[in-house]
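Presented below is the structure to which this report refers.
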Amino acid sequence: MKKLRFFIALFMAKLATFLLKMLGRNATYMPGEVALKISKDFLGHLKLPETVICVTGTNGKTTVSNLLTSILTKNGYDVTNNSFGSNVQAGIAAVLLQDSDIFGRAKKKIAVLEVDERSSLLIHPYIKPDYLIVNNIMRDSVKRNAHTDFISYIITSALTEKTKLILNGDDLITSSLAPQCKNRMYFGLDAEKPEVSDKPFLRDIVYCPDCGAPLESEYLRYNHIGRMYCTACEKKSPDRDYLVTAIDRENSFFTVDFKGESHTFTLINDNIVNVYNSCAVVAMLTILGLSPEQIEKGFSQSKIVKSRFDTMSAGKLKITFQMSKGQNPIACTRCFNYVASIPKENKLLIVSTDDISDNTNESENVCWLYDCDYSIFSDESIAKIIFTGPRCRDHLLRALIAGVNKEKIVLCEDTDKAVSLIDPEKYTDIYVLYDLYRQEDAAKMRVQFKKLGEGTK
Ligand SMILES: [Zn+2]
């Protein structure tokens with residue numbers, strides 16, 4: 001009976017995919033939803049590709065899975081992946097059924113699947129990955145993800161010991177996941193170690209997960225990412241099997257030591273978060289059997305997906321667009337930090353991080369703003385900040401509490417008008433930080449910047 005349900009679900013979902021494609025619509029979610037409505041354990045009946053790699057964690061999973069897919073494809077592999085789709089149960093079902101035949105058998109040999117960490121328990125009982133990459137676990141939207149302990153518990157409970165783990169060795173939460181999985185590899189960074197260990201604005205782990213005693217750190221790069229040890233027991237950050245030993249920002253290269261050798265790869269983005277992501281990719285591809293030359297071939301032809309990081313020029317104006325996920329304080333703080341760290345002066349920022357989908361069916365929550373480090377906006381290189389969107393006053397309040405000079409701040413509730421407030425003769429180095437659900441606004445801004453830049457030629 002279950003099998004019959006599965007085949008009905010498969011047929012209906014394939015039909016839905018066909019019809020959506022005929023209509024020129026996106027078929028990356030709905031067919032999966034149809035399949036799961038008819039057959040709850042639909043994922044369990046699919047014949048999966050020979051190798052299944054899942055990527056999860058709080059920040060960077062899209063970048064890692066896109067890079068993996070892109071480098072594998074450039075080396076001749078045919079990959080099933082959900083890069084353009086959804087990373088929850090229905091999205092995974094939709095992409096797997098698209099790449100399967102009428103009996104539900106995979107047509108491709110390898111799958112790279114980005115998995116929403118909170119959906120682990122809905123996905124991994126059916127899809128037991130051969131490999132799972134976890135690049136970090138950090139606080140995220142309180143409403144969606146609750147607490148890092150909760151997310152760790154979910155991921156750990158969802159896995160069987162069969163899965164081989166590729167974990168961030170510089171994140172003690174991630175490196176402590178799923179102790180039942182004995183086959184574990186760690187990646188991390190040794191390059192550009194901070195000399196002093198200032199206590200970061202936020203740390204998501206302060207007590208030893210084994211004995212509960214306070215943790216100390218050799219150094220922390222940001223949040224709890226760095227090298228930690230327990231003051232009472234043997235627990236410490238694990239040794240790393242894939243270690244970034246050098247970052248050449250000028251020539252865009254990074255060096256990774258593994259298996260007793262050093263290899264250099266093209267650095268596609270020098271944000272430290274993306275150096276971690278790139279190292280995870282090197283580790284995974286090496287484990288799959290790709291040579292350093294094959295990996296470099298892929299890196300040299302890759303770039304971070306445009307929707308996340310992009311620059312444009314318009315006359316004298318240089319504008320950098322950076323996706324900065326609202327509700328996710330760590331990701332936002334990293335973006336603030338990145339902009340502040342760029343060695344330029346007189347920067348102007350447009351901050352459009354309101355998650356407007358947040359209040360569609362429920363109450364809106366702005367507590368995450370207080371987990372973001374707004375004091376970064378006091379950086380001398382940042383001359384002007386335009387907070388835009390319906391919550392611009394909340395951003396102003398948060399910035400004032402963080403001690404940012406009020407004179408620097410402009411409020412603009414209507415996002416469509418933000419660009420018009422810029423004096424292009426005064427500010428030429430512009431940064432737009434925008435939420436995932438603000439992509440349309442960012443696209444409109446591009447058009448407005450083009451116009452604004454024309455007058456500066
Ligand atoms: Zn301990």
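The way I read the labels, and the way they are meant: chains A, B, ... in the order of the structure tokens, residue 1 as the first residue of every chain, and ligand 1 as the first ligand shown, with later ones counted on from there.
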Give the residues close to ligand 1, within 12 Å, counting only C-alpha atoms and all ligand atoms; write them as a PyMOL selection string.
chain A and resi 172+206-216+228-237
Quick one: everything within 9 Å of range 293-296 of chain A, counting only C-alpha atoms, minus sequence neighbours fewer than 5 positions away in the same chain. Send it as a PyMOL selection string.
chain A and resi 71-72+74-75+264-266+281-282+285-286+301
Suppose we keep C-alpha atoms; can you now write the selection as a compact mmCIF listing (two decimals), in the first residue's frame?
```
# COMPACT_ATOMS: atom_id res chain seq x y z
CA ILE A 71 33.42 22.66 -9.19
CA LEU A 72 32.11 19.12 -9.61
CA LYS A 74 33.29 21.86 -14.20
CA ASN A 75 35.13 18.59 -13.72
CA THR A 264 47.13 26.96 -3.28
CA PHE A 265 43.70 27.82 -4.64
CA THR A 266 41.99 30.90 -6.04
CA VAL A 281 34.86 22.71 -0.21
CA VAL A 282 38.54 21.74 -0.63
CA LEU A 285 36.29 17.46 -2.94
CA THR A 286 39.58 15.92 -1.82
CA GLN A 301 36.24 29.67 -12.76
```
Name all residues at most 8 Å from Ala94 in chain A (count only C-alpha atoms; drop same-chain ones fewer than 2 positions away) and give them as a VMD selection string.
chain A and resid 13 27 to 33 90 to 92 96 to 98
Would you save the residues from that selection as a PDB file, in the first residue's frame, using C-alpha atoms?
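Output (again-v9.pdb):
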```
ATOM      1  CA  ALA A  13       4.536  15.288  -8.559  1.00  0.00           C
ATOM      2  CA  ALA A  27       9.181  23.759 -10.025  1.00  0.00           C
ATOM      3  CA  THR A  28      11.609  23.663  -7.116  1.00  0.00           C
ATOM      4  CA  TYR A  29       9.115  23.367  -4.249  1.00  0.00           C
ATOM      5  CA  MET A  30       5.471  22.709  -5.115  1.00  0.00           C
ATOM      6  CA  PRO A  31       5.878  19.248  -6.732  1.00  0.00           C
ATOM      7  CA  GLY A  32       7.700  18.128  -3.589  1.00  0.00           C
ATOM      8  CA  GLU A  33       4.829  19.380  -1.474  1.00  0.00           C
ATOM      9  CA  ALA A  90       9.507  19.677  -0.016  1.00  0.00           C
ATOM     10  CA  GLY A  91      12.381  21.397  -1.848  1.00  0.00           C
ATOM     11  CA  ILE A  92      14.646  18.383  -1.430  1.00  0.00           C
ATOM     12  CA  LEU A  96      15.310  14.609  -6.262  1.00  0.00           C
ATOM     13  CA  LEU A  97      12.171  13.651  -8.147  1.00  0.00           C
ATOM     14  CA  GLN A  98      13.061  15.977 -10.997  1.00  0.00           C
TER      15      GLN A  98
END
```
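The gap separating CA of Met138 in chain A from CA of Tyr276 in chain A is 14.5 Å, in Å to one decimal.
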Can you list every residue in range 208-353 of chain A that DSSP puts in strand (DSSP E), as a PyMOL selection string?
chain A and resi 215-222+225-230+242-248+253-258+261-266+309-314+317-323+347-352
Selected residues written out, C-alpha atoms, as a PDB file, in the first residue's frame:
```pdb
ATOM      1  CA  LEU A 215      35.685  27.569  28.442  1.00  0.00           C
ATOM      2  CA  GLU A 216      38.732  29.679  27.725  1.00  0.00           C
ATOM      3  CA  SER A 217      40.009  30.652  24.305  1.00  0.00           C
ATOM      4  CA  GLU A 218      43.444  30.803  22.730  1.00  0.00           C
ATOM      5  CA  TYR A 219      41.843  33.295  20.357  1.00  0.00           C
ATOM      6  CA  LEU A 220      38.466  33.982  18.809  1.00  0.00           C
ATOM      7  CA  ARG A 221      38.060  35.387  15.312  1.00  0.00           C
ATOM      8  CA  TYR A 222      34.424  36.292  15.692  1.00  0.00           C
ATOM      9  CA  ILE A 225      34.776  30.844  16.039  1.00  0.00           C
ATOM     10  CA  GLY A 226      38.381  30.264  17.059  1.00  0.00           C
ATOM     11  CA  ARG A 227      40.306  27.928  19.336  1.00  0.00           C
ATOM     12  CA  MET A 228      38.794  27.022  22.701  1.00  0.00           C
ATOM     13  CA  TYR A 229      39.653  24.735  25.584  1.00  0.00           C
ATOM     14  CA  CYS A 230      37.985  23.648  28.778  1.00  0.00           C
ATOM     15  CA  TYR A 242      42.389  20.649   6.278  1.00  0.00           C
ATOM     16  CA  LEU A 243      44.008  23.845   7.453  1.00  0.00           C
ATOM     17  CA  VAL A 244      44.219  27.234   5.745  1.00  0.00           C
ATOM     18  CA  THR A 245      47.771  28.360   6.481  1.00  0.00           C
ATOM     19  CA  ALA A 246      47.961  31.483   4.307  1.00  0.00           C
ATOM     20  CA  ILE A 247      45.615  34.027   2.733  1.00  0.00           C
ATOM     21  CA  ASP A 248      47.014  36.213  -0.037  1.00  0.00           C
ATOM     22  CA  PHE A 253      44.878  33.009  -3.216  1.00  0.00           C
ATOM     23  CA  PHE A 254      44.585  30.837  -0.156  1.00  0.00           C
ATOM     24  CA  THR A 255      46.787  27.939   0.887  1.00  0.00           C
ATOM     25  CA  VAL A 256      45.451  24.762   2.456  1.00  0.00           C
ATOM     26  CA  ASP A 257      47.628  22.154   4.155  1.00  0.00           C
ATOM     27  CA  PHE A 258      46.372  18.593   4.062  1.00  0.00           C
ATOM     28  CA  GLU A 261      51.238  18.930   1.545  1.00  0.00           C
ATOM     29  CA  SER A 262      50.395  22.572   0.853  1.00  0.00           C
ATOM     30  CA  HIS A 263      48.144  23.534  -2.045  1.00  0.00           C
ATOM     31  CA  THR A 264      47.133  26.959  -3.283  1.00  0.00           C
ATOM     32  CA  PHE A 265      43.701  27.820  -4.644  1.00  0.00           C
ATOM     33  CA  THR A 266      41.993  30.904  -6.039  1.00  0.00           C
ATOM     34  CA  PHE A 309      27.603  39.560  -3.113  1.00  0.00           C
ATOM     35  CA  ASP A 310      27.958  41.806  -6.101  1.00  0.00           C
ATOM     36  CA  THR A 311      29.565  45.062  -7.158  1.00  0.00           C
ATOM     37  CA  MET A 312      28.589  47.557  -9.831  1.00  0.00           C
ATOM     38  CA  SER A 313      30.008  50.806 -11.149  1.00  0.00           C
ATOM     39  CA  ALA A 314      27.941  53.769 -12.272  1.00  0.00           C
ATOM     40  CA  LEU A 317      30.109  55.526  -8.092  1.00  0.00           C
ATOM     41  CA  LYS A 318      31.199  52.115  -6.925  1.00  0.00           C
ATOM     42  CA  ILE A 319      28.407  50.179  -5.278  1.00  0.00           C
ATOM     43  CA  THR A 320      28.754  46.903  -3.389  1.00  0.00           C
ATOM     44  CA  PHE A 321      25.643  44.841  -2.741  1.00  0.00           C
ATOM     45  CA  GLN A 322      25.867  42.379   0.097  1.00  0.00           C
ATOM     46  CA  MET A 323      23.054  40.121   1.231  1.00  0.00           C
ATOM     47  CA  LYS A 347      31.799  55.071   2.889  1.00  0.00           C
ATOM     48  CA  LEU A 348      28.062  55.383   2.646  1.00  0.00           C
ATOM     49  CA  LEU A 349      25.859  52.488   3.738  1.00  0.00           C
ATOM     50  CA  ILE A 350      22.259  51.711   2.940  1.00  0.00           C
ATOM     51  CA  VAL A 351      20.945  49.228   5.488  1.00  0.00           C
ATOM     52  CA  SER A 352      17.811  47.446   4.335  1.00  0.00           C
TER      53      SER A 352
END
```
Which parts of range 105-134 of chain A does DSSP call alpha helix (DSSP H) when run on the backbone here, written out as a ChimeraX atom specification?
/A:120-123
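Counting only C-alpha atoms, the residue from A:Lys143, A:Val79, A:Ile287, A:Val273 that sits nearest to Asn183 in chain A is A:Ile287.
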What's around Ile386 in chain A at 6 Å? Count only C-alpha atoms, leave out sequence neighbours fewer than 3 positions away in its own chain, and write the answer as a PyMOL selection string.
chain A and resi 350+409-411
Keeping only C-alpha atoms, write the selected residues as a PDB file, in the first residue's frame.
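part-v3.pdb written:
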```pdb
ATOM      1  CA  ILE A 350      22.259  51.711   2.940  1.00  0.00           C
ATOM      2  CA  ILE A 409      22.313  58.509  10.423  1.00  0.00           C
ATOM      3  CA  VAL A 410      19.543  59.218   7.939  1.00  0.00           C
ATOM      4  CA  LEU A 411      16.152  57.515   8.148  1.00  0.00           C
TER       5      LEU A 411
END
```
